[in-house]
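Novice: I have a structure I would like to understand better, so I am pasting it below and will then ask my questions one at a time.
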Amino acid sequence: MSTLLIIKIGLIIVIFSITLVVAMYSTYMERKVAAVMQDRIGPDRAGPWGILQPLADGGKMFFKEDFIPNKSEKWLFILGPGIAMFTACMTGAVIPWGGTLSLFGETFTLQIADIDIGILYIMGFVSIGVYGIMIGGWASNNKYSLYGAVRASSQMISYELAMGLAILAVVMTTGSLSLKDIVESQSGGQWNVFYQPLAFLLFIVCAFAECNRAPFDLAECETELIGGYHTEYSSMKLGFYLFAEYINMFISAAVISVLFFGGYNFPFMNDLGLSANAITLIGVGVFFAKITFFIFFFMWVRWTIPRFRYDQLMHLGWKKLIPLAIINLMITGAWLTFKDDFMAIFNTMF
Amino acid sequence: MKPFTNRSKAVTKTAMTFMERIYLPAILGGMFITFKHIFKKKATVRWPDEERPRSEVYRGKHVLKRDDKGAERCTACGLCAVACPAEAITMVSAERNKGEENLYREEKYASVYEINMLRCIFCGLCEEACPKEAIFLTQELMPSFYDRQDFIYGKDKLVESMDNRIDVSKRQESNVVTHKYNDN
């Protein structure tokens, strides 16, 4: 039992640090991707190819004046970025980062907690994440911040519905809410994206909205709201907000890979004749490759599409995505219920 | 009207087709364009590691020329200060003493000649106004400083040294150059 505890604590520390490092280097990657897509070079001064740039940015954040506006709600003002960061870091706990690993005569899974409502847990924490933005925006006592906060909260609520419905289709085909089960059900190239392409499309659109990423970054648009909910923030509090956004992006990329692209599964994983540990380690690498691709995809879209207008955002969320998700759900349900009948009809026809 | 480029498109107000309304083909097209840009040549010039080529008549930092014998050409006539739209130039004139003929070309010279580089707009009207071919702008860039006082360039920084003369022949019109050589 104590070995299990040590392993779990070690896993928590490792995953926490990986999350932070990935988030750190996402900022670097974002700047590089933006640069190459705009025919520029991007940061290349700090270290070779600028790879120390995130450290320089972090150091800068720490040395900035930590300013709290006079008329703000002081404690809520401090609480806001804390909640944002906390919820962002918590979601990593249920992601299955890899299969089972046998070390020192012990077998353990590369997942902190395989709780059987994994996907609900993630949805729950993402919902709490909006409180960080809302509280921060409200406590700033600034109309731009409040606008940003109001936009963020209504956007999150609207898109969570469609997101939940899209996930529900996957959950119905898998028959489980546990992320581990969802990944295992996709082994052997049976990726959900081939069975639920519409759900994937809806999910990825909603993931952009949930992460407050362009083209749905209305909560923090620099041009309209001078930064939105973090207008009044400075120093590491601002750093926390920005960091939380990149962690959310990392986790979203992970969730997309888990739900639709087979998580740590890779094609022909059981035909290579490798040991279980080697397959697990390759699987972790494959999983991170998938995550990196989706983080790149997030950035790629951000530097391609301009921001939505707010009414367009609501129109898309309520009038397009939710009906589509419901139709998808109905089709999935009908298929699951009447699968044998369909197959019988199909067989008699041909 | 005849379009100026072949890229102009007539705008129509017809209702969007289904393909346009689902928006995804347009997004994919846009993403293809941004992806292509990853492989394009970068426009960045990594200054100060590399320098953008500057024109031969680039209007950078000023120089006060000496003549071929090493005497300062400036006679402190003040035409450059009058011509200067930013009022960046100030000078104090002095009379040449005996024995200073090798230092100053004419009987009158500028004992103080200062250009405030924070005011200067590098328009080049001073070199246009100068009747003695004494002041020129060069290809050299102005550095930046932390102190305002450092931007006031006196004669110590402006007058060229004879060991390291600055070629301004490209800035002079041909008749001026012939005139100058006849003069010497």
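Going by the structure tokens order, chains are called A, B, ..., each with residues numbered from 1, while ligands are numbered from 1 in the order shown.
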I need the residues of region 33-96 of chain B that end up classed as strand (DSSP E) by DSSP on the backbone, written out as a PyMOL selection string.

Specialist: chain B and resi 62-64+89-95

Novice: Given a cut-off of 12 Å, which residues of chain B touch chain A, counting only C-alpha atoms, written out as an mmCIF file with N, CA and C atoms, in the first residue's frame?

Specialist:
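Listed below is the output, part.cif:
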```cif
data_model
loop_
_atom_site.group_PDB
_atom_site.id
_atom_site.type_symbol
_atom_site.label_atom_id
_atom_site.label_comp_id
_atom_site.auth_asym_id
_atom_site.auth_seq_id
_atom_site.Cartn_x
_atom_site.Cartn_y
_atom_site.Cartn_z
ATOM 1 N N ARG B 21 -22.361 28.515 -45.957
ATOM 2 C CA ARG B 21 -22.940 28.704 -44.634
ATOM 3 C C ARG B 21 -22.340 27.771 -43.596
ATOM 4 N N ILE B 22 -21.921 26.578 -44.019
ATOM 5 C CA ILE B 22 -21.320 25.703 -42.992
ATOM 6 C C ILE B 22 -19.904 26.145 -42.648
ATOM 7 N N TYR B 23 -19.344 27.068 -43.393
ATOM 8 C CA TYR B 23 -18.180 27.821 -42.966
ATOM 9 C C TYR B 23 -16.894 27.012 -42.936
ATOM 10 N N LEU B 24 -17.018 25.674 -42.849
ATOM 11 C CA LEU B 24 -15.810 24.867 -42.683
ATOM 12 C C LEU B 24 -14.899 24.867 -43.908
ATOM 13 N N ALA B 26 -14.310 27.205 -45.964
ATOM 14 C CA ALA B 26 -13.572 28.466 -45.944
ATOM 15 C C ALA B 26 -12.470 28.433 -44.895
ATOM 16 N N ILE B 27 -12.790 27.840 -43.717
ATOM 17 C CA ILE B 27 -11.778 27.752 -42.657
ATOM 18 C C ILE B 27 -10.613 26.885 -43.116
ATOM 19 N N LEU B 28 -10.948 25.740 -43.742
ATOM 20 C CA LEU B 28 -9.868 24.855 -44.193
ATOM 21 C C LEU B 28 -9.009 25.559 -45.239
ATOM 22 N N GLY B 29 -9.670 26.317 -46.126
ATOM 23 C CA GLY B 29 -8.904 27.068 -47.121
ATOM 24 C C GLY B 29 -7.970 28.063 -46.462
ATOM 25 N N GLY B 30 -8.496 28.761 -45.458
ATOM 26 C CA GLY B 30 -7.662 29.724 -44.737
ATOM 27 C C GLY B 30 -6.506 29.046 -44.027
ATOM 28 N N MET B 31 -6.787 27.882 -43.433
ATOM 29 C CA MET B 31 -5.719 27.175 -42.725
ATOM 30 C C MET B 31 -4.657 26.682 -43.701
ATOM 31 N N PHE B 32 -5.087 26.328 -44.913
ATOM 32 C CA PHE B 32 -4.110 25.912 -45.918
ATOM 33 C C PHE B 32 -3.192 27.086 -46.266
ATOM 34 N N ILE B 33 -3.778 28.275 -46.354
ATOM 35 C CA ILE B 33 -2.963 29.459 -46.680
ATOM 36 C C ILE B 33 -1.953 29.732 -45.571
ATOM 37 N N THR B 34 -2.403 29.712 -44.312
ATOM 38 C CA THR B 34 -1.453 29.976 -43.228
ATOM 39 C C THR B 34 -0.380 28.897 -43.167
ATOM 40 N N PHE B 35 -0.773 27.654 -43.484
ATOM 41 C CA PHE B 35 0.210 26.574 -43.453
ATOM 42 C C PHE B 35 1.281 26.799 -44.516
ATOM 43 N N LYS B 36 0.857 27.279 -45.681
ATOM 44 C CA LYS B 36 1.832 27.536 -46.746
ATOM 45 C C LYS B 36 2.858 28.572 -46.311
ATOM 46 N N HIS B 37 2.403 29.507 -45.478
ATOM 47 C CA HIS B 37 3.306 30.582 -45.070
ATOM 48 C C HIS B 37 4.430 30.099 -44.170
ATOM 49 N N ILE B 38 4.264 28.906 -43.556
ATOM 50 C CA ILE B 38 5.335 28.375 -42.710
ATOM 51 C C ILE B 38 6.605 28.196 -43.536
ATOM 52 N N PHE B 39 6.430 27.821 -44.813
ATOM 53 C CA PHE B 39 7.601 27.496 -45.631
ATOM 54 C C PHE B 39 8.086 28.671 -46.453
ATOM 55 N N LYS B 40 7.455 29.819 -46.320
ATOM 56 C CA LYS B 40 7.869 30.963 -47.122
ATOM 57 C C LYS B 40 9.121 31.606 -46.536
ATOM 58 N N LYS B 41 9.791 32.384 -47.367
ATOM 59 C CA LYS B 41 10.984 33.087 -46.922
ATOM 60 C C LYS B 41 10.589 34.126 -45.878
ATOM 61 N N LYS B 42 11.389 34.186 -44.800
ATOM 62 C CA LYS B 42 11.056 35.116 -43.724
ATOM 63 C C LYS B 42 11.498 36.527 -44.087
ATOM 64 N N ALA B 43 10.684 37.476 -43.713
ATOM 65 C CA ALA B 43 10.995 38.866 -44.049
ATOM 66 C C ALA B 43 11.935 39.511 -43.036
ATOM 67 N N THR B 44 12.191 38.816 -41.916
ATOM 68 C CA THR B 44 12.945 39.424 -40.825
ATOM 69 C C THR B 44 14.400 39.658 -41.200
ATOM 70 N N VAL B 45 14.951 40.804 -40.819
ATOM 71 C CA VAL B 45 16.388 41.059 -40.874
ATOM 72 C C VAL B 45 16.863 41.078 -39.427
ATOM 73 N N ARG B 46 17.782 40.167 -39.086
ATOM 74 C CA ARG B 46 18.182 40.031 -37.685
ATOM 75 C C ARG B 46 19.155 41.119 -37.287
ATOM 76 N N TRP B 47 18.694 42.340 -37.168
ATOM 77 C CA TRP B 47 19.550 43.410 -36.720
ATOM 78 C C TRP B 47 19.846 43.219 -35.243
ATOM 79 N N PRO B 48 21.039 43.443 -34.704
ATOM 80 C CA PRO B 48 22.218 43.978 -35.373
ATOM 81 C C PRO B 48 23.142 42.931 -35.969
ATOM 82 N N ASP B 49 22.737 41.652 -35.979
ATOM 83 C CA ASP B 49 23.603 40.623 -36.564
ATOM 84 C C ASP B 49 23.763 40.850 -38.064
#
```

Novice: Rounded to one decimal place, report the CA of Glu87 (chain B)-CA of Asn116 (chain B) distance in Å.

Specialist: 8.6 Å

Novice: If you run DSSP on this backbone, which residues of region 77-232 of chain A come out as helix (DSSP H, G or I), and could you give them as number ranges by chain?

Specialist: A: 77-94, 118-139, 143-174, 179-185, 192-195, 197-210, 218-220, 222-225, 228-230

Novice: Please provide the set of residues having any atom within 10 Å of Ile78 (chain A), restricted to only C-alpha atoms, with same-chain residues fewer than 5 positions apart removed, written as a VMD selection string.

Specialist: chain A and resid 68 73 83 132 135 to 136 139 to 140 233 237

Novice: Could you please determine the separation between CA of Cys221 (chain A) and CA of Tyr144 (chain A) in Å, to one decimal place?

Specialist: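 CA of Tyr144 (chain A) lies 10.2 Å from CA of Cys221 (chain A).
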
Novice: Measuring atom to atom with only C-alpha atoms, identify which of A:Asp114, A:Glu106, A:Glu160, A:Glu30 is nearest to Ile322 (chain A).

Specialist: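 Of the candidates, the smallest distance to Ile322 (chain A) is held by A:Glu160.
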
Novice: What does the distance between CA of Ala113 (chain A) and CA of Ile256 (chain A) come to in Å, to one decimal place?

Specialist: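 Separation of CA of Ala113 (chain A) and CA of Ile256 (chain A): 18.6 Å.
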